[in-house]
>>> print(open('query.pdb').read())   # PDB, C-alpha atoms
ATOM      1  CA  SER A  18     -12.512  40.675 -88.933  1.00  0.00           C
ATOM      2  CA  ALA A  19     -15.544  39.824 -86.747  1.00  0.00           C
ATOM      3  CA  ALA A  20     -14.910  38.734 -83.183  1.00  0.00           C
ATOM      4  CA  GLY A  21     -15.646  35.095 -82.374  1.00  0.00           C
ATOM      5  CA  PRO A  22     -18.410  33.996 -79.994  1.00  0.00           C
ATOM      6  CA  ALA A  23     -17.839  34.590 -76.284  1.00  0.00           C
ATOM      7  CA  SER A  24     -16.620  31.592 -74.281  1.00  0.00           C
ATOM      8  CA  THR A  25     -19.320  29.850 -72.267  1.00  0.00           C
ATOM      9  CA  ASN A  26     -16.841  27.990 -70.030  1.00  0.00           C
ATOM     10  CA  THR A  27     -17.039  29.115 -66.408  1.00  0.00           C
ATOM     11  CA  PRO A  28     -14.442  28.171 -63.813  1.00  0.00           C
ATOM     12  CA  ALA A  29     -15.526  25.382 -61.485  1.00  0.00           C
ATOM     13  CA  ILE A  30     -16.046  26.367 -57.870  1.00  0.00           C
ATOM     14  CA  VAL A  31     -14.243  23.965 -55.559  1.00  0.00           C
ATOM     15  CA  SER A  32     -15.457  24.098 -51.988  1.00  0.00           C
ATOM     16  CA  SER A  33     -12.981  23.483 -49.194  1.00  0.00           C
ATOM     17  CA  PRO A  34     -13.789  20.548 -46.941  1.00  0.00           C
ATOM     18  CA  THR A  35     -15.341  21.500 -43.670  1.00  0.00           C
ATOM     19  CA  PRO A  36     -12.728  21.019 -40.933  1.00  0.00           C
ATOM     20  CA  THR A  37     -13.571  18.365 -38.431  1.00  0.00           C
ATOM     21  CA  ALA A  38     -13.837  19.752 -34.939  1.00  0.00           C
ATOM     22  CA  THR A  39     -11.554  18.209 -32.375  1.00  0.00           C
ATOM     23  CA  PRO A  40     -13.718  16.575 -29.720  1.00  0.00           C
ATOM     24  CA  THR A  41     -13.439  18.179 -26.320  1.00  0.00           C
ATOM     25  CA  PRO A  42     -12.533  15.646 -23.657  1.00  0.00           C
ATOM     26  CA  ASN A  43     -15.102  15.238 -20.934  1.00  0.00           C
ATOM     27  CA  LEU A  44     -13.061  16.063 -17.863  1.00  0.00           C
ATOM     28  CA  ALA A  45     -15.999  15.268 -15.617  1.00  0.00           C
ATOM     29  CA  ILE A  46     -15.690  11.535 -16.294  1.00  0.00           C
ATOM     30  CA  TRP A  47     -13.052   9.484 -14.502  1.00  0.00           C
ATOM     31  CA  SER A  48     -12.561   5.747 -14.550  1.00  0.00           C
ATOM     32  CA  HIS A  49     -10.935   3.591 -11.915  1.00  0.00           C
ATOM     33  CA  VAL A  50      -7.867   1.564 -12.933  1.00  0.00           C
ATOM     34  CA  GLY A  51      -7.112  -1.179 -10.433  1.00  0.00           C
ATOM     35  CA  LEU A  52      -5.479  -0.956  -6.990  1.00  0.00           C
ATOM     36  CA  ALA A  53      -8.624  -0.565  -4.940  1.00  0.00           C
ATOM     37  CA  ASP A  54      -8.343   0.590  -1.325  1.00  0.00           C
ATOM     38  CA  GLU A  55      -4.766   1.792  -1.676  1.00  0.00           C
ATOM     39  CA  PHE A  56      -3.371   5.098  -0.403  1.00  0.00           C
ATOM     40  CA  ILE A  57      -1.436   6.386  -3.429  1.00  0.00           C
ATOM     41  CA  SER A  58       1.522   8.556  -2.458  1.00  0.00           C
ATOM     42  CA  ASP A  59       3.024   9.103  -5.924  1.00  0.00           C
ATOM     43  CA  ILE A  60       2.721   8.105  -9.575  1.00  0.00           C
ATOM     44  CA  GLU A  61       5.255   8.109 -12.413  1.00  0.00           C
ATOM     45  CA  VAL A  62       4.446   7.678 -16.110  1.00  0.00           C
ATOM     46  CA  GLY A  63       6.902   5.742 -18.252  1.00  0.00           C
ATOM     47  CA  ILE A  64       6.719   4.950 -21.959  1.00  0.00           C
ATOM     48  CA  GLY A  65       4.701   2.341 -23.834  1.00  0.00           C
ATOM     49  CA  GLY A  66       1.907   2.123 -21.267  1.00  0.00           C
ATOM     50  CA  ILE A  67       4.200   1.696 -18.252  1.00  0.00           C
ATOM     51  CA  LEU A  68       3.029   3.245 -14.977  1.00  0.00           C
ATOM     52  CA  TYR A  69       4.533   3.167 -11.496  1.00  0.00           C
ATOM     53  CA  ILE A  70       2.602   3.838  -8.292  1.00  0.00           C
ATOM     54  CA  SER A  71       3.871   4.053  -4.740  1.00  0.00           C
ATOM     55  CA  THR A  72       1.588   3.369  -1.801  1.00  0.00           C
ATOM     56  CA  ASN A  73       1.660   4.392   1.827  1.00  0.00           C
ATOM     57  CA  ARG A  74      -0.032   3.333   5.099  1.00  0.00           C
ATOM     58  CA  ASN A  75      -0.920  -0.218   3.980  1.00  0.00           C
ATOM     59  CA  GLU A  76       2.666  -1.500   3.561  1.00  0.00           C
ATOM     60  CA  HIS A  77       2.086  -2.648  -0.017  1.00  0.00           C
ATOM     61  CA  GLY A  78       5.050  -0.814  -1.538  1.00  0.00           C
ATOM     62  CA  VAL A  79       5.477  -0.055  -5.228  1.00  0.00           C
ATOM     63  CA  PHE A  80       3.325  -1.322  -8.099  1.00  0.00           C
ATOM     64  CA  LYS A  81       4.004  -1.406 -11.836  1.00  0.00           C
ATOM     65  CA  SER A  82       1.627  -1.592 -14.781  1.00  0.00           C
ATOM     66  CA  VAL A  83       2.632  -2.283 -18.386  1.00  0.00           C
ATOM     67  CA  ASP A  84      -0.870  -1.834 -19.836  1.00  0.00           C
ATOM     68  CA  ASN A  85      -1.844   1.708 -18.824  1.00  0.00           C
ATOM     69  CA  GLY A  86      -3.194   0.652 -15.455  1.00  0.00           C
ATOM     70  CA  GLU A  87      -5.400  -2.269 -16.483  1.00  0.00           C
ATOM     71  CA  SER A  88      -3.352  -4.628 -14.321  1.00  0.00           C
ATOM     72  CA  TRP A  89      -0.706  -4.135 -11.629  1.00  0.00           C
ATOM     73  CA  LYS A  90       2.168  -6.114 -10.117  1.00  0.00           C
ATOM     74  CA  ALA A  91       4.006  -5.399  -6.873  1.00  0.00           C
ATOM     75  CA  ILE A  92       7.737  -4.688  -7.404  1.00  0.00           C
ATOM     76  CA  ASN A  93       9.266  -4.656  -3.925  1.00  0.00           C
ATOM     77  CA  ASN A  94      12.258  -6.993  -4.236  1.00  0.00           C
ATOM     78  CA  GLY A  95      14.975  -5.537  -1.996  1.00  0.00           C
ATOM     79  CA  LEU A  96      13.027  -2.564  -0.659  1.00  0.00           C
ATOM     80  CA  GLY A  97      13.763  -1.784   2.972  1.00  0.00           C
ATOM     81  CA  GLY A  98      10.184  -0.761   3.704  1.00  0.00           C
ATOM     82  CA  LEU A  99       6.766  -0.785   2.106  1.00  0.00           C
ATOM     83  CA  ASN A 100       5.380   2.601   3.095  1.00  0.00           C
ATOM     84  CA  ILE A 101       6.684   4.710   0.215  1.00  0.00           C
ATOM     85  CA  TYR A 102       6.625   8.486   0.416  1.00  0.00           C
ATOM     86  CA  SER A 103       7.630   9.347  -3.153  1.00  0.00           C
ATOM     87  CA  LEU A 104       8.835   7.980  -6.486  1.00  0.00           C
ATOM     88  CA  THR A 105      11.060   9.632  -9.103  1.00  0.00           C
ATOM     89  CA  LEU A 106      11.578   8.256 -12.626  1.00  0.00           C
ATOM     90  CA  ALA A 107      14.442   9.356 -14.892  1.00  0.00           C
ATOM     91  CA  PRO A 108      12.978  10.572 -18.242  1.00  0.00           C
ATOM     92  CA  ALA A 109      16.024   9.624 -20.328  1.00  0.00           C
ATOM     93  CA  ASN A 110      16.587   6.366 -18.448  1.00  0.00           C
ATOM     94  CA  PRO A 111      13.124   4.890 -17.786  1.00  0.00           C
ATOM     95  CA  ALA A 112      14.618   1.873 -16.020  1.00  0.00           C
ATOM     96  CA  MET A 113      15.938   4.095 -13.212  1.00  0.00           C
ATOM     97  CA  LEU A 114      13.753   4.884 -10.200  1.00  0.00           C
ATOM     98  CA  TYR A 115      14.262   6.542  -6.843  1.00  0.00           C
ATOM     99  CA  ALA A 116      11.969   5.708  -3.919  1.00  0.00           C
ATOM    100  CA  ARG A 117      11.964   7.506  -0.572  1.00  0.00           C
ATOM    101  CA  ILE A 118      11.171   5.404   2.487  1.00  0.00           C
ATOM    102  CA  GLU A 119      11.348   6.664   6.091  1.00  0.00           C
ATOM    103  CA  GLY A 120      14.247   9.054   5.565  1.00  0.00           C
ATOM    104  CA  GLN A 121      16.186   6.820   3.189  1.00  0.00           C
ATOM    105  CA  ALA A 122      16.441   6.643  -0.593  1.00  0.00           C
ATOM    106  CA  TRP A 123      16.281   3.385  -2.532  1.00  0.00           C
ATOM    107  CA  ILE A 124      17.281   3.000  -6.176  1.00  0.00           C
ATOM    108  CA  SER A 125      16.282   0.640  -8.964  1.00  0.00           C
ATOM    109  CA  GLN A 126      18.220   0.367 -12.221  1.00  0.00           C
ATOM    110  CA  ASP A 127      15.947  -2.239 -13.816  1.00  0.00           C
ATOM    111  CA  GLY A 128      12.475  -0.759 -13.793  1.00  0.00           C
ATOM    112  CA  GLY A 129      11.712  -1.792 -10.234  1.00  0.00           C
ATOM    113  CA  ALA A 130      12.630  -5.477 -10.549  1.00  0.00           C
ATOM    114  CA  THR A 131      15.257  -5.029  -7.808  1.00  0.00           C
ATOM    115  CA  TRP A 132      16.081  -2.246  -5.351  1.00  0.00           C
ATOM    116  CA  LEU A 133      19.245  -1.221  -3.497  1.00  0.00           C
ATOM    117  CA  PRO A 134      19.674   1.326  -0.696  1.00  0.00           C
ATOM    118  CA  SER A 135      21.337   4.616  -1.517  1.00  0.00           C
ATOM    119  CA  GLN A 136      24.363   5.331   0.648  1.00  0.00           C
ATOM    120  CA  SER A 137      24.037   8.475   2.749  1.00  0.00           C
ATOM    121  CA  ASP A 138      24.800   9.511   6.310  1.00  0.00           C
ATOM    122  CA  TYR A 139      21.868  11.933   6.256  1.00  0.00           C
ATOM    123  CA  ALA A 140      18.114  11.498   6.301  1.00  0.00           C
ATOM    124  CA  PHE A 141      16.019  12.226   3.222  1.00  0.00           C
ATOM    125  CA  GLU A 142      13.173  14.544   4.169  1.00  0.00           C
ATOM    126  CA  SER A 143      11.685  15.400   0.780  1.00  0.00           C
ATOM    127  CA  SER A 144      10.951  13.809  -2.543  1.00  0.00           C
ATOM    128  CA  ILE A 145      13.933  13.536  -4.873  1.00  0.00           C
ATOM    129  CA  VAL A 146      14.104  15.746  -7.954  1.00  0.00           C
ATOM    130  CA  LEU A 147      16.403  15.176 -10.913  1.00  0.00           C
ATOM    131  CA  LEU A 148      18.980  17.681 -12.102  1.00  0.00           C
ATOM    132  CA  SER A 149      19.739  15.609 -15.206  1.00  0.00           C
ATOM    133  CA  GLU A 150      17.500  13.687 -17.578  1.00  0.00           C
ATOM    134  CA  ASP A 151      19.472  10.463 -17.076  1.00  0.00           C
ATOM    135  CA  GLY A 152      18.859  10.515 -13.323  1.00  0.00           C
ATOM    136  CA  LEU A 153      22.535  10.519 -12.347  1.00  0.00           C
ATOM    137  CA  SER A 154      22.352  14.020 -10.840  1.00  0.00           C
ATOM    138  CA  ALA A 155      19.608  14.454  -8.267  1.00  0.00           C
ATOM    139  CA  LEU A 156      18.713  16.556  -5.273  1.00  0.00           C
ATOM    140  CA  ALA A 157      16.835  16.038  -2.017  1.00  0.00           C
ATOM    141  CA  VAL A 158      16.209  19.061   0.181  1.00  0.00           C
ATOM    142  CA  GLY A 159      15.032  19.204   3.769  1.00  0.00           C
ATOM    143  CA  TYR A 160      16.716  20.567   6.853  1.00  0.00           C
ATOM    144  CA  LEU A 161      19.786  19.371   4.957  1.00  0.00           C
ATOM    145  CA  SER A 162      20.305  19.709   1.200  1.00  0.00           C
ATOM    146  CA  LEU A 163      21.673  16.504  -0.340  1.00  0.00           C
ATOM    147  CA  ALA A 164      22.978  16.058  -3.877  1.00  0.00           C
ATOM    148  CA  THR A 165      24.255  13.124  -5.919  1.00  0.00           C
ATOM    149  CA  LYS A 166      26.077  13.047  -9.244  1.00  0.00           C
ATOM    150  CA  ASP A 167      26.501   9.274  -9.497  1.00  0.00           C
ATOM    151  CA  GLY A 168      22.942   8.001  -9.509  1.00  0.00           C
ATOM    152  CA  GLY A 169      22.600   7.824  -5.738  1.00  0.00           C
ATOM    153  CA  ALA A 170      25.738   5.801  -5.056  1.00  0.00           C
ATOM    154  CA  SER A 171      26.902   8.655  -2.830  1.00  0.00           C
ATOM    155  CA  TRP A 172      25.428  11.937  -1.573  1.00  0.00           C
ATOM    156  CA  SER A 173      27.054  15.172  -0.486  1.00  0.00           C
ATOM    157  CA  ARG A 174      25.652  17.830   1.797  1.00  0.00           C
ATOM    158  CA  LEU A 175      25.022  21.289   0.332  1.00  0.00           C
ATOM    159  CA  THR A 176      25.216  24.374   2.502  1.00  0.00           C
ATOM    160  CA  SER A 177      22.093  26.465   2.153  1.00  0.00           C
ATOM    161  CA  GLU A 178      20.776  29.208   4.434  1.00  0.00           C
ATOM    162  CA  TYR A 179      17.178  28.535   3.445  1.00  0.00           C
ATOM    163  CA  ALA A 180      17.334  24.753   3.237  1.00  0.00           C
ATOM    164  CA  TYR A 181      14.839  24.424   6.088  1.00  0.00           C
ATOM    165  CA  CYS A 182      12.030  26.011   4.075  1.00  0.00           C
ATOM    166  CA  ALA A 183      12.439  23.690   1.087  1.00  0.00           C
ATOM    167  CA  GLN A 184      11.717  20.425   2.812  1.00  0.00           C
ATOM    168  CA  SER A 185       8.317  19.745   1.242  1.00  0.00           C
ATOM    169  CA  PHE A 186       6.811  19.613  -2.251  1.00  0.00           C
ATOM    170  CA  LEU A 187      10.088  20.093  -4.103  1.00  0.00           C
ATOM    171  CA  ARG A 188       9.644  20.540  -7.863  1.00  0.00           C
ATOM    172  CA  ASN A 189      11.868  21.743 -10.687  1.00  0.00           C
ATOM    173  CA  SER A 190      11.282  23.423 -14.014  1.00  0.00           C
ATOM    174  CA  SER A 191      11.273  21.072 -17.010  1.00  0.00           C
ATOM    175  CA  SER A 192      12.900  23.762 -19.165  1.00  0.00           C
ATOM    176  CA  ASN A 193      15.748  24.274 -16.682  1.00  0.00           C
ATOM    177  CA  ARG A 194      16.239  21.543 -14.109  1.00  0.00           C
ATOM    178  CA  ASN A 195      18.519  23.761 -12.015  1.00  0.00           C
ATOM    179  CA  THR A 196      15.545  26.013 -11.283  1.00  0.00           C
ATOM    180  CA  LEU A 197      13.765  24.545  -8.274  1.00  0.00           C
ATOM    181  CA  TYR A 198      10.695  25.486  -6.290  1.00  0.00           C
ATOM    182  CA  SER A 199       9.448  24.447  -2.882  1.00  0.00           C
ATOM    183  CA  SER A 200       6.385  25.547  -0.977  1.00  0.00           C
ATOM    184  CA  GLU A 201       8.314  28.562   0.323  1.00  0.00           C
ATOM    185  CA  CYS A 202      11.604  28.970  -1.571  1.00  0.00           C
ATOM    186  CA  LYS A 203      13.224  29.085  -4.998  1.00  0.00           C
ATOM    187  CA  SER A 204      16.682  28.080  -6.218  1.00  0.00           C
ATOM    188  CA  THR A 205      18.223  28.862  -9.616  1.00  0.00           C
ATOM    189  CA  ASP A 206      21.520  27.018  -9.106  1.00  0.00           C
ATOM    190  CA  GLY A 207      20.446  23.435  -8.514  1.00  0.00           C
ATOM    191  CA  GLY A 208      19.798  23.807  -4.792  1.00  0.00           C
ATOM    192  CA  ILE A 209      23.129  25.351  -3.777  1.00  0.00           C
ATOM    193  CA  SER A 210      21.396  28.510  -2.602  1.00  0.00           C
ATOM    194  CA  TRP A 211      17.763  29.352  -1.869  1.00  0.00           C
ATOM    195  CA  LEU A 212      15.706  32.515  -1.543  1.00  0.00           C
ATOM    196  CA  PRO A 213      12.247  32.818   0.005  1.00  0.00           C
ATOM    197  CA  ILE A 214       9.319  33.465  -2.296  1.00  0.00           C
ATOM    198  CA  ALA A 215       6.086  35.279  -1.537  1.00  0.00           C
ATOM    199  CA  SER A 216       4.202  33.489   1.209  1.00  0.00           C
ATOM    200  CA  VAL A 217       0.584  32.480   0.732  1.00  0.00           C
ATOM    201  CA  GLY A 218      -0.007  33.268   4.401  1.00  0.00           C
ATOM    202  CA  ALA A 219       0.297  31.387   7.656  1.00  0.00           C
ATOM    203  CA  ARG A 220      -3.345  30.331   7.606  1.00  0.00           C
ATOM    204  CA  TYR A 221      -2.839  28.244   4.456  1.00  0.00           C
ATOM    205  CA  GLN A 222      -1.272  24.801   4.265  1.00  0.00           C
ATOM    206  CA  VAL A 223       0.405  23.894   0.965  1.00  0.00           C
ATOM    207  CA  THR A 224      -0.366  20.281   0.092  1.00  0.00           C
ATOM    208  CA  CYS A 225       0.721  20.163  -3.559  1.00  0.00           C
ATOM    209  CA  LEU A 226       3.023  22.057  -5.899  1.00  0.00           C
ATOM    210  CA  LYS A 227       3.298  21.808  -9.696  1.00  0.00           C
ATOM    211  CA  VAL A 228       5.316  23.685 -12.321  1.00  0.00           C
ATOM    212  CA  ALA A 229       3.883  24.394 -15.787  1.00  0.00           C
ATOM    213  CA  PRO A 230       6.001  22.446 -18.347  1.00  0.00           C
ATOM    214  CA  ALA A 231       5.935  25.131 -21.055  1.00  0.00           C
ATOM    215  CA  ASN A 232       6.028  28.160 -18.742  1.00  0.00           C
TER     216      ASN A 232
END
>>> encode(input="query.pdb", output="C-alpha cells")
Amino acid sequence: SAAGPASTNTPAIVSSPTPTATPTPNLAIWSHVGLADEFISDIEVGIGGILYISTNRNEHGVFKSVDNGESWKAINNGLGGLNIYSLTLAPANPAMLYARIEGQAWISQDGGATWLPSQSDYAFESSIVLLSEDGLSALAVGYLSLATKDGGASWSRLTSEYAYCAQSFLRNSSSNRNTLYSSECKSTDGGISWLPIASVGARYQVTCLKVAPAN
C-alpha cells in the first residue's frame, strides 16, 4: 500500500528563561547608623535586627538597637564602669553577654537589661571568647589564662607556658571552638596549652585578628 503523507508537525522550541544576574553589592558605599561621636570598641550582632555596641573613652557604656541600628538605647544598669573594652554574645543564648571593663568581666543574662560582676580573683586582660555556643564555657587569656564552665559565676586559672603571648586579639574558630588564635600563639585544646605561630615581625603591630568562618 502507498505510504501516507509526511507529518508537517514540528516540535516547538521552548527557550529557557534568561537567568537574572545577582546584583553585586557596592562595597564603596557606607551609611552611618546613629551613635555619632562615639569610640566603638566592639560590636555584636544578635537576631531579628538586634545589635550591641560597646564604647570606650567617653564613658557611655553599652548600647542596644532592635532595629538594625536605626535607633539606640544605653543599657548600663549595674555595670561597674562605662569604658568597655570588649563585648561577647552567646550565639545559642542571645540574651547572654559578657563585657570586659578595666580588668573585670561583667555578665548579663537578659540582653543587657541588667549586669552583674563575674567573680574572679584575677584580672581579665583580653576579650572573652566562648568555648560553647550557650556561653557557659568561656576563656580569657592574658598573662594568666582564665576559664569558666558556669557562665562566669566562677573562673579557674589555667597553666600555660605561652599564656603571655595570647593576651590580645583572642579569636577562636567557628568550626571548632577549642581551636584558638591570638596575635602570636595558637591553642587546639581550649587554651590549656599554647604554641607560638609564625611572627609577622617586630616592626609590625597587630591591631586586629579575624578567623574565616568556613575555613
>>> resolve_selection(input="query.pdb", expression="the PyMOL selection byres ((chain A and resi 83) around 8)", output="ChimeraX atom specification")
/A:65-68,81-82,84-86,88-89
>>> residues_around(input="query.pdb", residues="Leu153 (chain A)", least_positions_apart="4", cutoff="10 Å", atoms="all atoms listed in the file", output="VMD selection string")
chain A and resid 107 110 113 147 to 149 165 to 170
>>> residues_around(input="query.pdb", residues="Gly129 (chain A)", least_positions_apart="5", cutoff="9 Å", atoms="only C-alpha atoms", output="ChimeraX atom specification")
/A:69,79-81,92-94,112-114,124
>>> atom_distance(input="query.pdb", atom1="CA of Glu76 (chain A)", atom2="CA of Leu156 (chain A)")
25.7 Å
>>> resolve_selection(input="query.pdb", expression="the PyMOL selection byres ((chain A and resi 109) around 8)", output="ChimeraX atom specification")
/A:107-108,110-111,150-152
>>> write_last_selection(input="query.pdb", atoms="C-alpha atoms", output="compact mmCIF listing (two decimals), in the coordinates of the input")
# COMPACT_ATOMS: atom_id res chain seq x y z
CA ALA A 107 14.44 9.36 -14.89
CA PRO A 108 12.98 10.57 -18.24
CA ASN A 110 16.59 6.37 -18.45
CA PRO A 111 13.12 4.89 -17.79
CA GLU A 150 17.50 13.69 -17.58
CA ASP A 151 19.47 10.46 -17.08
CA GLY A 152 18.86 10.52 -13.32
>>> atom_distance(input="query.pdb", atom1="CA of Ser58 (chain A)", atom2="CA of Ile70 (chain A)")
7.6 Å
>>> atom_distance(input="query.pdb", atom1="CA of Leu106 (chain A)", atom2="CA of Ser71 (chain A)")
11.8 Å
>>> axis_aligned_box(input="query.pdb", around="region 119-128 of chain A", padding_each_side="6 Å", output="AutoDock Vina command-line options")
--center_x 14.8 --center_y 3.4 --center_z -3.9 --size_x 18.9 --size_y 23.3 --size_z 31.9
>>> resolve_selection(input="query.pdb", expression="the PyMOL selection byres ((chain A and resi 102) around 8)", output="list of chain:residue names")
A:Ser58, A:Asp59, A:Ser71, A:Thr72, A:Asn73, A:Asn100, A:Ile101, A:Ser103, A:Leu104, A:Ala116, A:Arg117, A:Ile118, A:Glu119, A:Ser144
>>> closest_residue(input="query.pdb", among="A:Gly207, A:Pro134, A:Pro213, A:Gly120", to="Gly95 (chain A)", atoms="all atoms listed in the file")
A:Pro134
>>> closest_residue(input="query.pdb", among="A:Ser48, A:Ser125, A:Ser154, A:Ser171", to="Ser137 (chain A)", atoms="only C-alpha atoms")
A:Ser171
>>> residues_around(input="query.pdb", residues="Ala157 (chain A)", least_positions_apart="2", cutoff="8 Å", atoms="all atoms listed in the file", output="PDB file with C-alpha atoms, keeping the file's coordinate frame")
ATOM      1  CA  PHE A 141      16.019  12.226   3.222  1.00  0.00           C
ATOM      2  CA  GLU A 142      13.173  14.544   4.169  1.00  0.00           C
ATOM      3  CA  SER A 143      11.685  15.400   0.780  1.00  0.00           C
ATOM      4  CA  SER A 144      10.951  13.809  -2.543  1.00  0.00           C
ATOM      5  CA  ILE A 145      13.933  13.536  -4.873  1.00  0.00           C
ATOM      6  CA  VAL A 146      14.104  15.746  -7.954  1.00  0.00           C
ATOM      7  CA  ALA A 155      19.608  14.454  -8.267  1.00  0.00           C
ATOM      8  CA  GLY A 159      15.032  19.204   3.769  1.00  0.00           C
ATOM      9  CA  SER A 162      20.305  19.709   1.200  1.00  0.00           C
ATOM     10  CA  LEU A 163      21.673  16.504  -0.340  1.00  0.00           C
ATOM     11  CA  ALA A 164      22.978  16.058  -3.877  1.00  0.00           C
TER      12      ALA A 164
END
>>> closest_residue(input="query.pdb", among="A:His49, A:Ala140, A:Thr105, A:Gln126", to="Val62 (chain A)", atoms="all atoms listed in the file")
A:Thr105
